[in-house]
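Comments concern the structure below.
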Amino acid sequence: MTEIAIVGTGPAGVRAAEILVQAGLRPTVVDEGPDSGGQVYRRPPEPLRLEPRSLHGYDAGRAVALHETFDSLRPHIDHLPATLVWSASSGELELLTGSRRRRLRWDRLILATGAMDRIIPFEGWTLPGVYTLGGAQVALKHQACTVGSRPIFLGTGPLLYLVAWQYAAAGVQPAAVLDTAPPAARRRSLLGLMRGGRNFAKGVRLVVGLRARGVALATGVRPLAAIGGPDGTVRELVWRDPRGALRRTGCDAVAVGFGLSSETRLADLCGLPFAFHAGQRQWLPICDEQGRSAAPGVYLAGDGAGIDGAAAAELSGARAAHALLHDLGHAGSGKTASALGHRLSSLARFREVLDSKAFPFPAALATAAADELVICRCEGVTAGVLRDAAQRLGASEINRAKAFTRIGMGPCQGRVCGPAAAEILAAALGVPLEAIGRLRGQAPVKPVPLAAFLEEAGL
Amino acid sequence: MTGCDVAIIGGGLVGCSAALHLRRRGASVALVERRRCGSQASGVNYGGVRQQGRDLAEVPLARRSRRIWGEIEDLVDTGCGFEASGHLKLARSADDMAGLEAYAGAAREAGLTLELLDPARLHERYPWLGGGLAGGSFCAEDGHANPRLATPAFARAAAAAGAQILEGVEVLDAVGDDRGFELHLSDGTALRSARMINAAGAWAAEVSARFGEPVPEDAMAPNMCVTAPLSYFLEPSLGVCGGDIYVRQTRRGNVVFGGGTGIVDRGKVRARPLAEVTAQAARRAVALVPRLASAQLIRSWSGIEGVMPDGLPVIGPSATTPGLFHGFGFSGHGFQLAPAVGAVLCELVLDGDTPTPIASFRIDRFGESETKRSLAGANNGPGRNSEEGVQA
């Protein structure tokens with residue numbers, strides 16, 4: 001029997017499972033979260049019933065459809081929720097549920113591991129009350145809480161506006177939405193954005209909706225510092241507007257994100273080759289137009305293979321499953337996979353405009369970090385130490401910098417500090433971002449208690 | 001074509017130490033490393049700086065190296081995280097303890113002072129030790145350091161002293177005799193030298209074979225793990241008779257432990273740890289130090305080490321080619337020795353001799369059939385999983 005494993009039950013993983021079940025297969029589906037939905041469509045825990053429209057806004061229809069699909073799949077899959085895949089190799093996954101280990105054999109593997117916010121440190125970013133956009137979203141969707149009653153949303157990207165809108169719709173007025181993208185950016189990229197069709201219209205509605213609620217929106221923002229109040233939590237953000245004027249906005253929380261980084265450590269542990277994607281400024285596992293990785297039996301889908309957004313994730317999950325079915329000899333699946341590939345290509349063109357023109361990643365903000373600014377929060381490594389490693393100690397690539405400075409050696413394994421550290425290192429060396437390489441994934445991809453090893457792994 | 005007095009193949013700790021020592025005596029040096037200095041065994045090992053437990057043949061070399069470790073900051077501008085916090089080797093049976101007692105007696109002749117501890121004394125001094133111990137042997141001079149920092153520090157010091165350190169360059173071919181050597185490099189250049197040092201680690205047997213002296217070198221991948229920081233309590237570096245677990249805590253609080261072997265790929269390019277070996281090492285670590293049960297594993301890694309069948313390195317002049325010298329095959333316990341091996345190689349190259357006894361490490365000590373068998377089995381699967389070959 002062909003053992004099929006899917007890692008991740010966000011939009012990509014759910015649609016992949018759906019296609020496989022429709023073909024009569026029974027995949028094992030694993031996710032760290034307590035239930036399906038991934039990050040973007042995170043489901044509140046059972047007793048908490050929240051109105052989908054208020055949670056997901058214009059995506060409510062998609063979210064509800066996805067959850068209903070997954071619920072219908074439950075009897076036909078082996079679902080392992082609240083389970084961390086802490087290592088992977090050819091043919092095996094290492095799982096941890098609570099403190100119980102299990103080894104899962106696989107013949108075919110679909111990695112739908114999603115993404116995390118990209119962070120750029122700024123003065124005060126480690127103050128209590130400063131969260132990622134994703135964290136702010138989890139608080140709302142999973143816990144029906146908010147990170148503050150007057151939060152500032154800071155960063156760039158579609159997610160910035162989506163989370164701000166979701167807070168506003170939930171009755172929490174954002175203190176401001178501050179976008180680092182240049183003021184003319186969206187106007188100039190209008191033609192390209194319009195090709196995004198429904199996605200573009202959704203974006204416009206978010207902005208219009210925020211304006212209609214009287215939320216202050218600004219672009220061309222340069223964050224300078226988050227300032228703490230007498231109790232130590234953030235109470236104000238100091239920033240420059242595009243004319244260079246100094247501005248202060250009061251708040252009781254800040255939610256930050258500058259786009260997303262794909263979660264690729266399991267792909268790395270499976271031995272997949274990577275290539276640098278200039279548009280997304282990150283290294284991604286190499287994947288063909290049907291979702292096949294370079295390793296036999298391993299398929300990639302969703303934001304974990306490259307940031308394309310939730311709608312694209314559903315399509316790429318289905319595409320990977322069709323490619324898998326084709327490889328198992330199912331007729332017709334190859335054509336379906338190709339057709340999905342074409343649809344995804346046009347979505348990718350929209351995404352390119354988002355990444356490069358409408359919401360460019362402000363690399364200059366990262367490289368302008370003062371020497372005293374802490375970049376690696378886990379290990380307390382400053383930008384100055386990183387630059388010193390580059391210039392005096394000969395750290396000519398990122399793993400070397402990690403060995404010398406300890407950057408990325410903490411529990412987050414470089415998820416928070418990685419993107420900014422890479423920009424700073426490349427700038428200090430005077431080389432392009434690609435030249436400094438990428439942090440190698442190491443098992444466990446997230447911390448595992450030693451106590452979990454005291455018993456043998458179940459099978 | 002550039003020329004120098006001494007060409008060194010391999011930028012591990014042995015090669016970089018040799019480069020530094022040669023420069024300090026005025027020889028011109030070019031070191032060729034195909035990745036970055038300290039990428040393989042020198043950078044991935046446990047970090048033990050240990051004289052105790054070595055084959056007695058290694059003790060004079062280890063004692064010389066310990067003196068260098070004591071002055072490491074003067075030598076390479078950084079302490080490399082070296083802590084002389086002691087090495088405690090534990091016996092888990094009466095037989096083990098008898099072994100430790102015998103070793104302590106023999107080692108005393110070689111100048112190594114070891115303190116034997118019975119279980120009562122052991123638990124009184126180290127209350128965090130687990131049960132089932134029959135005693136231990138403590139070497140106060142020993143300790144541990146940070147292997148990620150050490151080799152790059154030697155490389156930088158050698159470069160600052162005027163050595164040419166070529167990273168990201170591979171030696172495609174090397175030929176030569178007592179009149180001199182010529183190395184063809186992957187950057188399209190050629191290097192000429194009067195003398196040559198083979199410090200190519202797990203790949204050194206390929207070099208020695210080119211000069212008509214093949215040796216039965218195998219490759220092994222140590223299975224290494226590290227935890228998130230705990231408050232500092234574990235002063236000495238811990239080992240056990242048999243070598244299946246070793247544990248140390250850095251000042252910062254992270255606990256590094258290892259035991260068993262991971263997997264080396266067929267091409268000897270990459271190595272990785274294995275989940276089940278990690279699990280077993282974790283169990284042994286917790287058995288030794290029960291409070292580690294509350295620690296979090298945050299990272300595991302591996303790398304490629306060269307292993308000789310008798311667990312002893314190859315150090316000394318070539319048996320076929322005057323002017324060629326070897327320093328490789330440290331079988332999982334070369335980190336502490338490497339600084340002195342570099343000094344010895346420097347003496348061999350410049351003076352033709354060394355005061356440190358190295359006869360036990362001669363390259364031609366392996367039988368022909370042993371070599372043939374090993375070459376036949378080379379690259380045919382994972383590295384050996386031998387208790388003796390691993391850190392003790």
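Order determines the names: the first chain of the structure tokens is A, the second B, and so forth; residues in each chain are numbered 1 upward, and ligands are numbered 1 upward as they are shown.
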Residues within 12 Å of Gln166 in chain A, please, as a PyMOL selection string. Count only C-alpha atoms; anything in the same chain fewer than 5 positions from it doesn't count.
chain A and resi 40+51-60+133-134+136-141+144+146+153+159-161+171-174+206-207+209-210
Can I get the residues of chain B within 7 Å of chain A, each with the closest pair of atoms and their distance in Å to one decimal, using only C-alpha atoms, sorted chain first then ascending number, as JSON lines?
```
{"residue": "B:Arg148", "atom": "CA", "partner": "A:Ala403", "partner_atom": "CA", "distance": 5.8}
{"residue": "B:Leu149", "atom": "CA", "partner": "A:Phe404", "partner_atom": "CA", "distance": 6.4}
{"residue": "B:Ala279", "atom": "CA", "partner": "A:Phe453", "partner_atom": "CA", "distance": 5.1}
{"residue": "B:Ala282", "atom": "CA", "partner": "A:Leu450", "partner_atom": "CA", "distance": 6.2}
{"residue": "B:Arg283", "atom": "CA", "partner": "A:Leu454", "partner_atom": "CA", "distance": 5.5}
{"residue": "B:Ala293", "atom": "CA", "partner": "A:Ala451", "partner_atom": "CA", "distance": 4.9}
{"residue": "B:Ser294", "atom": "CA", "partner": "A:Ala451", "partner_atom": "CA", "distance": 6.5}
{"residue": "B:Ala295", "atom": "CA", "partner": "A:Leu450", "partner_atom": "CA", "distance": 5.7}
{"residue": "B:Gln296", "atom": "CA", "partner": "A:Pro449", "partner_atom": "CA", "distance": 4.2}
{"residue": "B:Leu297", "atom": "CA", "partner": "A:Val448", "partner_atom": "CA", "distance": 5.2}
{"residue": "B:Ile298", "atom": "CA", "partner": "A:Pro447", "partner_atom": "CA", "distance": 4.6}
{"residue": "B:Arg299", "atom": "CA", "partner": "A:Ala443", "partner_atom": "CA", "distance": 5.7}
{"residue": "B:Ser300", "atom": "CA", "partner": "A:Ala443", "partner_atom": "CA", "distance": 5.6}
{"residue": "B:Trp301", "atom": "CA", "partner": "A:Gln442", "partner_atom": "CA", "distance": 6.8}
```
How would the residues just picked look written out with N, CA, C and O atoms as a PDB file, in the first residue's frame?
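So the final result, stored in selection25.pdb, reads:
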```
ATOM      1  N   ARG B 148      33.652  25.505  16.578  1.00  0.00           N
ATOM      2  CA  ARG B 148      33.261  26.408  15.488  1.00  0.00           C
ATOM      3  C   ARG B 148      34.154  27.632  15.415  1.00  0.00           C
ATOM      4  O   ARG B 148      34.256  28.281  14.394  1.00  0.00           O
ATOM      5  N   LEU B 149      34.752  27.966  16.555  1.00  0.00           N
ATOM      6  CA  LEU B 149      35.588  29.173  16.584  1.00  0.00           C
ATOM      7  C   LEU B 149      37.061  28.866  16.357  1.00  0.00           C
ATOM      8  O   LEU B 149      37.805  29.704  15.838  1.00  0.00           O
ATOM      9  N   ALA B 279      17.921   9.902  19.700  1.00  0.00           N
ATOM     10  CA  ALA B 279      17.068   9.455  20.810  1.00  0.00           C
ATOM     11  C   ALA B 279      17.874   8.641  21.815  1.00  0.00           C
ATOM     12  O   ALA B 279      17.768   8.831  23.033  1.00  0.00           O
ATOM     13  N   ALA B 282      20.146  10.853  23.765  1.00  0.00           N
ATOM     14  CA  ALA B 282      19.375  11.617  24.749  1.00  0.00           C
ATOM     15  C   ALA B 282      19.098  10.763  25.980  1.00  0.00           C
ATOM     16  O   ALA B 282      19.226  11.221  27.121  1.00  0.00           O
ATOM     17  N   ARG B 283      18.725   9.499  25.747  1.00  0.00           N
ATOM     18  CA  ARG B 283      18.451   8.599  26.882  1.00  0.00           C
ATOM     19  C   ARG B 283      19.700   8.409  27.728  1.00  0.00           C
ATOM     20  O   ARG B 283      19.658   8.438  28.967  1.00  0.00           O
ATOM     21  N   ALA B 293      16.529  15.748  31.796  1.00  0.00           N
ATOM     22  CA  ALA B 293      15.205  15.358  31.303  1.00  0.00           C
ATOM     23  C   ALA B 293      14.325  16.579  31.066  1.00  0.00           C
ATOM     24  O   ALA B 293      13.395  16.529  30.262  1.00  0.00           O
ATOM     25  N   SER B 294      14.625  17.687  31.727  1.00  0.00           N
ATOM     26  CA  SER B 294      13.801  18.879  31.532  1.00  0.00           C
ATOM     27  C   SER B 294      14.387  19.807  30.473  1.00  0.00           C
ATOM     28  O   SER B 294      13.880  20.899  30.261  1.00  0.00           O
ATOM     29  N   ALA B 295      15.440  19.367  29.795  1.00  0.00           N
ATOM     30  CA  ALA B 295      16.062  20.213  28.770  1.00  0.00           C
ATOM     31  C   ALA B 295      15.315  20.074  27.451  1.00  0.00           C
ATOM     32  O   ALA B 295      14.608  19.096  27.218  1.00  0.00           O
ATOM     33  N   GLN B 296      15.490  21.075  26.595  1.00  0.00           N
ATOM     34  CA  GLN B 296      14.892  21.071  25.266  1.00  0.00           C
ATOM     35  C   GLN B 296      15.984  20.875  24.225  1.00  0.00           C
ATOM     36  O   GLN B 296      16.956  21.625  24.202  1.00  0.00           O
ATOM     37  N   LEU B 297      15.818  19.890  23.369  1.00  0.00           N
ATOM     38  CA  LEU B 297      16.740  19.719  22.244  1.00  0.00           C
ATOM     39  C   LEU B 297      16.416  20.775  21.202  1.00  0.00           C
ATOM     40  O   LEU B 297      15.264  20.893  20.776  1.00  0.00           O
ATOM     41  N   ILE B 298      17.396  21.577  20.811  1.00  0.00           N
ATOM     42  CA  ILE B 298      17.107  22.614  19.815  1.00  0.00           C
ATOM     43  C   ILE B 298      17.826  22.394  18.494  1.00  0.00           C
ATOM     44  O   ILE B 298      17.476  23.021  17.495  1.00  0.00           O
ATOM     45  N   ARG B 299      18.829  21.519  18.465  1.00  0.00           N
ATOM     46  CA  ARG B 299      19.584  21.382  17.232  1.00  0.00           C
ATOM     47  C   ARG B 299      20.370  20.091  17.240  1.00  0.00           C
ATOM     48  O   ARG B 299      20.861  19.668  18.294  1.00  0.00           O
ATOM     49  N   SER B 300      20.514  19.483  16.086  1.00  0.00           N
ATOM     50  CA  SER B 300      21.429  18.354  15.957  1.00  0.00           C
ATOM     51  C   SER B 300      22.211  18.533  14.660  1.00  0.00           C
ATOM     52  O   SER B 300      21.766  19.232  13.762  1.00  0.00           O
ATOM     53  N   TRP B 301      23.401  17.909  14.610  1.00  0.00           N
ATOM     54  CA  TRP B 301      24.226  18.073  13.421  1.00  0.00           C
ATOM     55  C   TRP B 301      25.198  16.910  13.312  1.00  0.00           C
ATOM     56  O   TRP B 301      25.339  16.092  14.218  1.00  0.00           O
TER      57      TRP B 301
END
```
Could you list, as a ChimeraX atom specification, every residue within 9 Å of range 151-161 of chain B, counting only C-alpha atoms and ignoring same-chain residues fewer than 2 positions away?
/A:393-394 /B:11-24,36-39,42-43,75-78,80,147-149,163-165
Write out as JSON, numbers by chain each polymer residue whose atoms come within 12 Å of Glu213 in chain B, counting only C-alpha atoms; drop sequence neighbours fewer than 3 positions from it.
{"B": [204, 205, 206, 207, 208, 209, 210, 216, 217, 314, 317, 318, 319, 320, 321, 324, 325, 326, 362, 363, 364, 365, 366, 367, 368, 371, 372]}
Which neighbours of Gly98 in chain A fall inside 9 Å, counting only C-alpha atoms, when residues of the same chain fewer than 5 positions from it are skipped, and could you give them as a list in words?
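Counting only C-alpha atoms, the residues come to Ala82, Thr83, Leu84 and Ala452 of chain A.
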Could you dump the residues just selected with N, CA and C atoms as a PDB file, in the first residue's frame?
```pdb
ATOM      1  N   ALA A  82      -2.191  18.771  16.304  1.00  0.00           N
ATOM      2  CA  ALA A  82      -1.329  19.101  17.449  1.00  0.00           C
ATOM      3  C   ALA A  82      -0.062  18.259  17.413  1.00  0.00           C
ATOM      4  N   THR A  83       0.457  18.044  16.238  1.00  0.00           N
ATOM      5  CA  THR A  83       1.601  17.159  16.033  1.00  0.00           C
ATOM      6  C   THR A  83       2.680  17.887  15.257  1.00  0.00           C
ATOM      7  N   LEU A  84       3.858  17.953  15.859  1.00  0.00           N
ATOM      8  CA  LEU A  84       5.000  18.593  15.217  1.00  0.00           C
ATOM      9  C   LEU A  84       5.787  17.571  14.407  1.00  0.00           C
ATOM     10  N   ALA A 452      10.946  13.550  25.759  1.00  0.00           N
ATOM     11  CA  ALA A 452      10.210  12.830  24.709  1.00  0.00           C
ATOM     12  C   ALA A 452      11.025  11.668  24.137  1.00  0.00           C
TER      13      ALA A 452
END
```
Going by DSSP on the backbone, which residues of range 50-160 of chain A come out as strand (DSSP E or B)? List them as a ChimeraX atom specification.
/A:78-80,83-89,92-97,100-105,108-111,115-117,123,130-132,151-156
Identify all residues of range 69-284 of chain B in helix (DSSP H, G or I) (DSSP on the backbone) and supply them as a CSV table (one decimal) with N, CA and C atoms, in the first residue's frame.
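Result went into part.csv, see below:
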```csv
chain,number,residue,atom,x,y,z
B,69,TRP,N,47.0,24.8,24.2
B,69,TRP,CA,45.6,25.3,24.5
B,69,TRP,C,45.7,26.3,25.7
B,70,GLY,N,46.6,26.1,26.6
B,70,GLY,CA,46.8,27.0,27.7
B,70,GLY,C,47.2,28.4,27.3
B,72,ILE,N,46.3,29.7,24.1
B,72,ILE,CA,45.7,29.8,22.8
B,72,ILE,C,45.3,31.3,22.5
B,73,GLU,N,44.9,32.0,23.5
B,73,GLU,CA,44.5,33.4,23.3
B,73,GLU,C,45.7,34.2,22.7
B,74,ASP,N,46.9,34.0,23.3
B,74,ASP,CA,48.1,34.7,22.8
B,74,ASP,C,48.4,34.3,21.3
B,75,LEU,N,48.1,33.0,21.0
B,75,LEU,CA,48.5,32.5,19.7
B,75,LEU,C,47.5,33.0,18.6
B,76,VAL,N,46.2,32.9,18.9
B,76,VAL,CA,45.2,33.2,17.8
B,76,VAL,C,44.2,34.3,18.1
B,94,ALA,N,32.1,-2.6,37.4
B,94,ALA,CA,33.3,-2.9,38.2
B,94,ALA,C,34.5,-3.1,37.2
B,95,ASP,N,34.2,-3.7,36.1
B,95,ASP,CA,35.2,-3.9,35.0
B,95,ASP,C,35.7,-2.6,34.5
B,96,ASP,N,34.7,-1.7,34.2
B,96,ASP,CA,35.1,-0.3,33.8
B,96,ASP,C,36.0,0.3,34.7
B,97,MET,N,35.6,0.2,36.0
B,97,MET,CA,36.4,0.9,37.1
B,97,MET,C,37.8,0.4,37.1
B,98,ALA,N,37.9,-1.0,37.0
B,98,ALA,CA,39.3,-1.6,37.0
B,98,ALA,C,40.1,-1.0,35.8
B,99,GLY,N,39.4,-0.8,34.7
B,99,GLY,CA,40.1,-0.3,33.5
B,99,GLY,C,40.6,1.1,33.8
B,100,LEU,N,39.7,2.0,34.5
B,100,LEU,CA,40.1,3.3,34.8
B,100,LEU,C,41.3,3.3,35.7
B,101,GLU,N,41.3,2.4,36.7
B,101,GLU,CA,42.4,2.3,37.7
B,101,GLU,C,43.7,2.0,37.0
B,102,ALA,N,43.6,1.0,36.1
B,102,ALA,CA,44.8,0.6,35.4
B,102,ALA,C,45.4,1.7,34.5
B,103,TYR,N,44.5,2.4,33.8
B,103,TYR,CA,44.9,3.5,33.0
B,103,TYR,C,45.5,4.6,33.8
B,104,ALA,N,44.9,4.9,34.9
B,104,ALA,CA,45.5,6.0,35.8
B,104,ALA,C,46.9,5.7,36.1
B,105,GLY,N,47.2,4.4,36.5
B,105,GLY,CA,48.5,4.0,36.8
B,105,GLY,C,49.5,4.2,35.7
B,106,ALA,N,49.1,3.7,34.5
B,106,ALA,CA,50.0,3.7,33.3
B,106,ALA,C,50.1,5.2,32.9
B,107,ALA,N,49.1,6.0,32.9
B,107,ALA,CA,49.2,7.3,32.5
B,107,ALA,C,50.1,8.2,33.3
B,108,ARG,N,50.2,7.8,34.6
B,108,ARG,CA,51.0,8.6,35.5
B,108,ARG,C,52.5,8.6,35.0
B,109,GLU,N,52.9,7.4,34.5
B,109,GLU,CA,54.2,7.3,33.9
B,109,GLU,C,54.4,8.3,32.8
B,119,PRO,N,32.2,5.7,44.1
B,119,PRO,CA,30.9,6.2,44.0
B,119,PRO,C,30.5,7.3,45.0
B,120,ALA,N,30.9,7.0,46.3
B,120,ALA,CA,30.5,8.0,47.3
B,120,ALA,C,31.1,9.3,47.1
B,121,ARG,N,32.4,9.3,46.8
B,121,ARG,CA,33.1,10.6,46.5
B,121,ARG,C,32.5,11.3,45.2
B,122,LEU,N,32.2,10.5,44.3
B,122,LEU,CA,31.6,11.0,43.0
B,122,LEU,C,30.3,11.7,43.2
B,123,HIS,N,29.4,11.1,44.0
B,123,HIS,CA,28.1,11.7,44.2
B,123,HIS,C,28.2,12.9,45.2
B,124,GLU,N,29.2,12.9,46.0
B,124,GLU,CA,29.4,14.0,46.9
B,124,GLU,C,29.8,15.2,46.2
B,125,ARG,N,30.8,15.0,45.3
B,125,ARG,CA,31.3,16.1,44.5
B,125,ARG,C,30.4,16.6,43.4
B,147,PRO,N,34.5,24.3,18.9
B,147,PRO,CA,35.2,23.9,17.7
B,147,PRO,C,34.8,24.9,16.5
B,148,ARG,N,33.7,25.5,16.6
B,148,ARG,CA,33.3,26.4,15.5
B,148,ARG,C,34.2,27.6,15.4
B,149,LEU,N,34.8,28.0,16.6
B,149,LEU,CA,35.6,29.2,16.6
B,149,LEU,C,37.1,28.9,16.4
B,150,ALA,N,37.5,27.7,16.8
B,150,ALA,CA,38.9,27.4,16.8
B,150,ALA,C,39.6,27.4,15.5
B,151,THR,N,39.1,26.6,14.5
B,151,THR,CA,39.9,26.5,13.3
B,151,THR,C,39.9,27.9,12.5
B,152,PRO,N,38.7,28.6,12.4
B,152,PRO,CA,38.7,29.9,11.7
B,152,PRO,C,39.7,30.8,12.4
B,153,ALA,N,39.9,30.7,13.7
B,153,ALA,CA,40.8,31.6,14.4
B,153,ALA,C,42.2,31.3,14.0
B,154,PHE,N,42.6,30.0,13.9
B,154,PHE,CA,43.9,29.6,13.5
B,154,PHE,C,44.1,30.1,12.0
B,155,ALA,N,43.1,29.9,11.2
B,155,ALA,CA,43.2,30.4,9.8
B,155,ALA,C,43.5,31.9,9.7
B,156,ARG,N,42.7,32.6,10.5
B,156,ARG,CA,42.9,34.1,10.5
B,156,ARG,C,44.3,34.4,11.0
B,157,ALA,N,44.8,33.8,12.0
B,157,ALA,CA,46.1,34.1,12.6
B,157,ALA,C,47.2,33.7,11.5
B,158,ALA,N,47.0,32.6,10.9
B,158,ALA,CA,48.0,32.2,9.9
B,158,ALA,C,48.0,33.2,8.7
B,159,ALA,N,46.8,33.7,8.3
B,159,ALA,CA,46.7,34.7,7.2
B,159,ALA,C,47.3,36.0,7.7
B,160,ALA,N,47.0,36.4,8.9
B,160,ALA,CA,47.6,37.6,9.4
B,160,ALA,C,49.1,37.5,9.4
B,201,GLY,N,42.0,15.3,6.0
B,201,GLY,CA,41.0,14.8,6.8
B,201,GLY,C,40.5,13.4,6.3
B,202,ALA,N,39.2,13.3,6.2
B,202,ALA,CA,38.6,12.0,5.8
B,202,ALA,C,38.9,11.7,4.3
B,203,TRP,N,39.5,12.6,3.6
B,203,TRP,CA,39.8,12.4,2.2
B,203,TRP,C,41.3,12.3,2.0
B,204,ALA,N,42.0,12.2,3.1
B,204,ALA,CA,43.5,12.2,3.0
B,204,ALA,C,44.0,10.9,2.3
B,205,ALA,N,43.3,9.9,2.5
B,205,ALA,CA,43.7,8.6,1.9
B,205,ALA,C,43.8,8.7,0.4
B,206,GLU,N,42.9,9.5,-0.2
B,206,GLU,CA,42.9,9.7,-1.7
B,206,GLU,C,44.3,10.4,-2.0
B,207,VAL,N,44.7,11.3,-1.2
B,207,VAL,CA,46.0,12.0,-1.5
B,207,VAL,C,47.1,11.0,-1.3
B,208,SER,N,47.1,10.3,-0.2
B,208,SER,CA,48.2,9.4,0.0
B,208,SER,C,48.3,8.3,-1.0
B,209,ALA,N,47.1,7.9,-1.5
B,209,ALA,CA,47.1,6.8,-2.6
B,209,ALA,C,47.8,7.3,-3.8
B,210,ARG,N,47.6,8.6,-4.1
B,210,ARG,CA,48.3,9.2,-5.3
B,210,ARG,C,49.8,9.1,-5.2
B,275,ALA,N,17.6,10.3,13.7
B,275,ALA,CA,16.7,10.5,14.8
B,275,ALA,C,16.8,9.4,15.9
B,276,GLU,N,17.0,8.2,15.5
B,276,GLU,CA,17.0,7.1,16.5
B,276,GLU,C,18.3,7.2,17.3
B,277,VAL,N,19.4,7.6,16.6
B,277,VAL,CA,20.7,7.7,17.3
B,277,VAL,C,20.6,8.9,18.3
B,278,THR,N,20.0,10.0,17.8
B,278,THR,CA,19.8,11.1,18.7
B,278,THR,C,18.9,10.7,19.9
B,279,ALA,N,17.9,9.9,19.7
B,279,ALA,CA,17.1,9.5,20.8
B,279,ALA,C,17.9,8.6,21.8
B,280,GLN,N,18.7,7.7,21.3
B,280,GLN,CA,19.5,6.9,22.2
B,280,GLN,C,20.5,7.8,23.0
B,281,ALA,N,21.1,8.7,22.3
B,281,ALA,CA,22.1,9.6,23.0
B,281,ALA,C,21.3,10.4,24.1
B,282,ALA,N,20.1,10.9,23.8
B,282,ALA,CA,19.4,11.6,24.7
B,282,ALA,C,19.1,10.8,26.0
B,283,ARG,N,18.7,9.5,25.7
B,283,ARG,CA,18.5,8.6,26.9
B,283,ARG,C,19.7,8.4,27.7
B,284,ARG,N,20.8,8.2,27.1
B,284,ARG,CA,22.1,8.0,27.8
B,284,ARG,C,22.5,9.3,28.6
```
If we count only C-alpha atoms and set the cut-off at 8 Å, which residues sit around range 122-125 of chain A, ignoring sequence neighbours fewer than 5 positions away in its own chain? Please answer as a list in words.
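Everything that qualifies: Val130, Pro223, Leu224, Ala225, Ala226, Ile227, Gly228, Ala369 and Leu373 of chain A.
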